[in-house]
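Chemist: Let me begin by handing over the structure; questions about it come next.
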Amino acid sequence: MQPRDFLQSLFFAAVDAADPLTGIKRYLPSKPAGRTVVIGAGKGAAQMARALETVWDGPLSGIVVTRYGYGCETRHVEIIEAAHPVPDAAGLMASRVLVEAVSDLGEDDLVIALVCGGGSALLPAPPEGLTLDDEIALNEMLLASGAPISAMNVVRKHLSTIKGGRLAAATRARVVSLIVSDIPGDNPAYVASGPTVPDRSTRHDALAIVNQYGLQLPQAALDHLASPKADAPRPDDPVFAGHNYHVVASAGVSLEAAAAIARSQGITPAILSDSIEGEARDVALVHAAIAREVLGRDRPFAKPVVILSGGETTVTLRGRGGRGGRNGEFALAMALAIEGHDLHLLAADTDGIDGSENNAGAFADGETIQRLRAAGFDPRRLLDGNDSYSGFAAIGDLFETGPTGTNVNDFRAILVR
């Protein structure tokens, strides 16, 4: 098998293992005496709703919100599409509709919440005194800040009327949350900023993050964070009594599936971690150093080996007008660090979209930099301008899958032959 075919097979094994249907079957809640209403948000929420419909034996209704182009056909659950990664008016409307869908339910009813990555941007719900434009500005600042996803979501949930468990707190019904985790460490309260799962973070934690990353928030946002009104409900609040949550898919399970495929091809897999965070270009340098060590000295792993890792890196924007996401940035930075070495890699987002472009990620190898220069690009300038997409598109090294229907975050595989 050619290196790219091999790496691609690992990616699709990882995605298949993150199919929410398997986990939904395992954690299917018992039927209530009353109504069953489905709500949800995320880039894979429509596919989660379709999976639930195939296994639920009884009446079902509801609504979920997903990214534009990520919808699918469902029988009973309505699909709303909205903008990601920057919110829009459709998402604002969807937030209101989700709250309305659960607000009149009673104790005999059941809410099944289908939550996965991307839900934070898809559920804008600014508190009184702030506008949708303020939330858009907040998301743009967070995306450019280099803050890890867990920190971003602490800020988001304290500047929202739906996140931080508030959606679950809006109903008297029992709430069971089924979650596909894209968060390093799989804390369910951080996935989509936890619309149905509260945590113990406070507005003071949010303010500390704002100060740490130098976020220039509107004064109305700062005033809100300074007020007790910003505090989200705590996990021990009686409103959450009887609620349950289950992580039905995660990066760890996906990496193990990829490892199994590698073994079947006679390649030893080495999983570094499923929860790696940090600047994409810095994480790339560490991965490159490990790969070169294996290639030259057979340590810490012996050849042939495929080095696997997951998690969610970040990109601090340094230029304007650049195109590409964190996986493209990782691939470009690593290509610079492995130039001339017989190494091959794939870095891609398991939801099929890396940042705001149409690719899941990119392939790279020891000759990538040579190909970029031959195409007229300065690879270092591309990296400095956060413009990996332009370079990889020009040399045909983008990895394009379309929406996958799930999201367990970054997938990285490095083949050392």
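Quick note on naming: the chains in the structure tokens go A, B, ... in the order shown, residues restart at 1 in each chain, and ligands are numbered from 1 in order of appearance.
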Skip Pro300 of chain A itself and residues of its chain fewer than 3 positions away, then list as a ChimeraX atom specification all residues within 8 Å of it, counting only C-alpha atoms.
Modeler: /A:290,293-294
Chemist: Write out as a PyMOL selection string all residues of segment 341-412 of chain A that DSSP puts in helix (DSSP H, G or I) for this structure's backbone.
Modeler: chain A and resi 368-374+379-384+388-394
Chemist: Dump N, CA and C atoms for the selected residues as a CSV table (one decimal), in the first residue's frame?
Modeler:
```csv
chain,number,residue,atom,x,y,z
A,368,THR,N,7.7,17.7,0.4
A,368,THR,CA,6.7,18.7,0.3
A,368,THR,C,7.3,20.1,0.1
A,369,ILE,N,8.3,20.4,0.8
A,369,ILE,CA,8.9,21.8,0.7
A,369,ILE,C,9.5,22.0,-0.7
A,370,GLN,N,10.1,21.0,-1.2
A,370,GLN,CA,10.7,21.1,-2.5
A,370,GLN,C,9.6,21.3,-3.6
A,371,ARG,N,8.4,20.6,-3.4
A,371,ARG,CA,7.3,20.8,-4.3
A,371,ARG,C,6.7,22.3,-4.2
A,372,LEU,N,6.7,22.8,-3.0
A,372,LEU,CA,6.1,24.1,-2.8
A,372,LEU,C,7.0,25.2,-3.5
A,373,ARG,N,8.3,25.0,-3.3
A,373,ARG,CA,9.3,25.9,-3.9
A,373,ARG,C,9.2,25.9,-5.4
A,374,ALA,N,9.0,24.7,-6.0
A,374,ALA,CA,8.9,24.5,-7.4
A,374,ALA,C,7.7,25.2,-8.0
A,379,PRO,N,7.7,28.5,1.5
A,379,PRO,CA,7.0,27.8,2.6
A,379,PRO,C,7.0,28.5,3.9
A,380,ARG,N,8.2,29.1,4.2
A,380,ARG,CA,8.2,29.8,5.5
A,380,ARG,C,7.3,31.0,5.5
A,381,ARG,N,7.1,31.7,4.4
A,381,ARG,CA,6.2,32.8,4.3
A,381,ARG,C,4.8,32.3,4.4
A,382,LEU,N,4.5,31.2,3.8
A,382,LEU,CA,3.1,30.6,4.0
A,382,LEU,C,2.8,30.3,5.4
A,383,LEU,N,3.8,29.8,6.2
A,383,LEU,CA,3.5,29.4,7.6
A,383,LEU,C,3.4,30.7,8.4
A,384,ASP,N,4.2,31.7,8.1
A,384,ASP,CA,4.1,33.0,8.9
A,384,ASP,C,2.8,33.7,8.6
A,388,SER,N,-1.5,27.9,4.9
A,388,SER,CA,-1.2,26.6,4.5
A,388,SER,C,-2.1,26.1,3.4
A,389,TYR,N,-3.3,26.5,3.4
A,389,TYR,CA,-4.3,26.0,2.4
A,389,TYR,C,-3.8,26.4,1.0
A,390,SER,N,-3.3,27.6,0.8
A,390,SER,CA,-2.9,28.0,-0.6
A,390,SER,C,-1.8,27.2,-1.1
A,391,GLY,N,-0.8,26.9,-0.3
A,391,GLY,CA,0.3,26.0,-0.7
A,391,GLY,C,-0.1,24.6,-1.0
A,392,PHE,N,-0.8,24.0,-0.1
A,392,PHE,CA,-1.2,22.6,-0.3
A,392,PHE,C,-2.2,22.4,-1.5
A,393,ALA,N,-3.0,23.4,-1.7
A,393,ALA,CA,-3.9,23.4,-2.8
A,393,ALA,C,-3.2,23.4,-4.1
A,394,ALA,N,-2.1,24.2,-4.2
A,394,ALA,CA,-1.4,24.4,-5.4
A,394,ALA,C,-0.6,23.1,-5.8
```
Chemist: So which residues touch Val111 of chain A within 6 Å, counting only C-alpha atoms, skipping near sequence neighbours fewer than 4 positions away, as a ChimeraX atom specification?
Modeler: /A:36-38,175
Chemist: Within 12 Å of Gln2 of chain A, counting only C-alpha atoms, which residues qualify if same-chain residues fewer than 6 places away don't, as a list in words?
Modeler: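 With the cut-off at 12 Å, the set is Gln8, Ser9, Gln265, His344, Leu415 and Arg417 of chain A.
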Chemist: Could you give me, as a PyMOL selection string, each residue of segment 190-379 of chain A that DSSP assigns to strand (DSSP E or B) when run on this structure's backbone?
Modeler: chain A and resi 244-249+268-279+305-314+343-349+361-365
Chemist: With N, CA and C atoms retained, write the just-selected residues as a compact mmCIF listing (two decimals), in the first residue's frame.
Modeler:
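Saved file part.txt follows:
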```txt
# COMPACT_ATOMS: atom_id res chain seq x y z
N ASN A 244 -28.63 12.88 33.21
CA ASN A 244 -27.49 12.00 32.95
C ASN A 244 -26.78 12.44 31.68
N TYR A 245 -25.50 12.08 31.56
CA TYR A 245 -24.78 12.31 30.31
C TYR A 245 -23.86 11.12 30.04
N HIS A 246 -23.59 10.89 28.75
CA HIS A 246 -22.72 9.79 28.33
C HIS A 246 -21.89 10.26 27.14
N VAL A 247 -20.59 10.02 27.20
CA VAL A 247 -19.72 10.27 26.05
C VAL A 247 -19.79 9.04 25.16
N VAL A 248 -20.40 9.18 23.98
CA VAL A 248 -20.66 8.02 23.12
C VAL A 248 -19.56 7.78 22.09
N ALA A 249 -18.70 8.76 21.88
CA ALA A 249 -17.55 8.60 20.97
C ALA A 249 -16.48 9.58 21.38
N THR A 268 3.71 -1.32 13.18
CA THR A 268 3.47 -1.13 14.61
C THR A 268 2.93 0.27 14.86
N PRO A 269 1.81 0.40 15.56
CA PRO A 269 1.30 1.73 15.90
C PRO A 269 1.85 2.20 17.24
N ALA A 270 2.06 3.50 17.36
CA ALA A 270 2.49 4.10 18.63
C ALA A 270 1.61 5.31 18.88
N ILE A 271 0.69 5.20 19.84
CA ILE A 271 -0.21 6.30 20.16
C ILE A 271 0.46 7.19 21.21
N LEU A 272 0.74 8.42 20.82
CA LEU A 272 1.36 9.36 21.76
C LEU A 272 0.37 9.84 22.80
N SER A 273 -0.80 10.31 22.34
CA SER A 273 -1.83 10.83 23.24
C SER A 273 -3.06 11.17 22.41
N ASP A 274 -4.23 11.10 23.05
CA ASP A 274 -5.45 11.54 22.39
C ASP A 274 -5.89 12.92 22.86
N SER A 275 -5.02 13.62 23.60
CA SER A 275 -5.43 14.91 24.17
C SER A 275 -4.31 15.95 24.08
N ILE A 276 -3.63 15.99 22.93
CA ILE A 276 -2.54 16.95 22.74
C ILE A 276 -3.10 18.34 22.41
N GLU A 277 -2.60 19.34 23.10
CA GLU A 277 -2.97 20.73 22.86
C GLU A 277 -1.70 21.55 22.63
N GLY A 278 -1.89 22.80 22.23
CA GLY A 278 -0.77 23.69 22.02
C GLY A 278 -0.79 24.26 20.62
N GLU A 279 0.13 25.21 20.34
CA GLU A 279 0.23 25.80 19.01
C GLU A 279 0.54 24.72 17.99
N VAL A 305 6.97 2.00 11.88
CA VAL A 305 6.00 2.43 12.89
C VAL A 305 5.16 3.56 12.33
N VAL A 306 3.93 3.65 12.78
CA VAL A 306 3.10 4.82 12.50
C VAL A 306 2.79 5.48 13.83
N ILE A 307 3.16 6.73 13.93
CA ILE A 307 2.97 7.51 15.16
C ILE A 307 1.62 8.21 15.06
N LEU A 308 0.76 7.97 16.04
CA LEU A 308 -0.60 8.48 16.04
C LEU A 308 -0.81 9.44 17.20
N SER A 309 -1.60 10.48 16.97
CA SER A 309 -1.97 11.37 18.07
C SER A 309 -3.28 12.09 17.74
N GLY A 310 -3.94 12.55 18.78
CA GLY A 310 -5.19 13.31 18.64
C GLY A 310 -5.19 14.47 19.62
N GLY A 311 -6.34 15.10 19.75
CA GLY A 311 -6.47 16.28 20.60
C GLY A 311 -6.92 17.47 19.78
N GLU A 312 -6.59 18.65 20.23
CA GLU A 312 -6.95 19.85 19.46
C GLU A 312 -5.87 20.91 19.62
N THR A 313 -5.13 21.14 18.57
CA THR A 313 -4.14 22.22 18.59
C THR A 313 -4.82 23.55 18.32
N THR A 314 -4.07 24.61 18.43
CA THR A 314 -4.59 25.95 18.18
C THR A 314 -3.65 26.70 17.25
N LEU A 343 9.79 10.45 5.42
CA LEU A 343 8.69 10.45 6.38
C LEU A 343 7.42 10.91 5.66
N HIS A 344 6.28 10.36 6.07
CA HIS A 344 5.01 10.69 5.44
C HIS A 344 3.97 10.92 6.52
N LEU A 345 3.12 11.92 6.34
CA LEU A 345 2.15 12.24 7.39
C LEU A 345 0.83 12.71 6.81
N LEU A 346 -0.20 12.54 7.62
CA LEU A 346 -1.53 13.09 7.36
C LEU A 346 -1.99 13.75 8.64
N ALA A 347 -2.43 15.00 8.53
CA ALA A 347 -3.05 15.70 9.65
C ALA A 347 -4.41 16.19 9.18
N ALA A 348 -5.47 15.80 9.90
CA ALA A 348 -6.81 16.12 9.43
C ALA A 348 -7.78 16.20 10.60
N ASP A 349 -8.86 16.96 10.38
CA ASP A 349 -9.93 17.05 11.36
C ASP A 349 -10.96 15.97 11.05
N GLY A 361 -7.78 18.39 5.91
CA GLY A 361 -6.41 18.62 6.35
C GLY A 361 -5.49 18.51 5.16
N ALA A 362 -4.31 17.93 5.38
CA ALA A 362 -3.32 17.85 4.29
C ALA A 362 -2.35 16.71 4.52
N PHE A 363 -1.80 16.21 3.40
CA PHE A 363 -0.69 15.28 3.42
C PHE A 363 0.62 16.07 3.36
N ALA A 364 1.67 15.48 3.89
CA ALA A 364 3.01 16.06 3.74
C ALA A 364 4.04 14.95 3.82
N ASP A 365 5.22 15.22 3.29
CA ASP A 365 6.32 14.26 3.35
C ASP A 365 7.63 15.02 3.22
```
Chemist: Quick one: of A:Val15, A:Leu52, A:Ala221, A:Ala151, who's nearest to Asp134 of chain A, counting only C-alpha atoms?
Modeler: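 Checking each candidate against Asp134 of chain A, we get A:Ala221 as the closest.
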Chemist: In Å, with one decimal, what is the gap from atom CA of Ser160 of chain A to atom CA of Pro127 of chain A?
Modeler: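 So the two atoms, atom CA of Ser160 of chain A and atom CA of Pro127 of chain A, lie 5.5 Å apart.
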Chemist: Taking 5 positions as the minimum chain separation for residues in the same chain, which residues sit within 9 Å of Asp231 of chain A when counting only C-alpha atoms? Answer as a list in words.
Modeler: Lys157, His158, Gly164, Ser201, Thr202, Arg203, His204 and Leu225 of chain A
Chemist: Just C-alpha atoms for this one: save the residues we selected as a CSV table (one decimal), in the first residue's frame.
Modeler:
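Output below, filename part_31.csv:
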```csv
chain,number,residue,atom,x,y,z
A,157,LYS,CA,-20.5,29.8,28.6
A,158,HIS,CA,-20.3,32.9,30.8
A,164,GLY,CA,-23.0,26.2,30.7
A,201,SER,CA,-16.1,27.2,36.3
A,202,THR,CA,-17.0,30.7,37.3
A,203,ARG,CA,-17.2,34.2,35.7
A,204,HIS,CA,-13.9,34.9,37.6
A,225,LEU,CA,-18.6,39.1,33.5
```
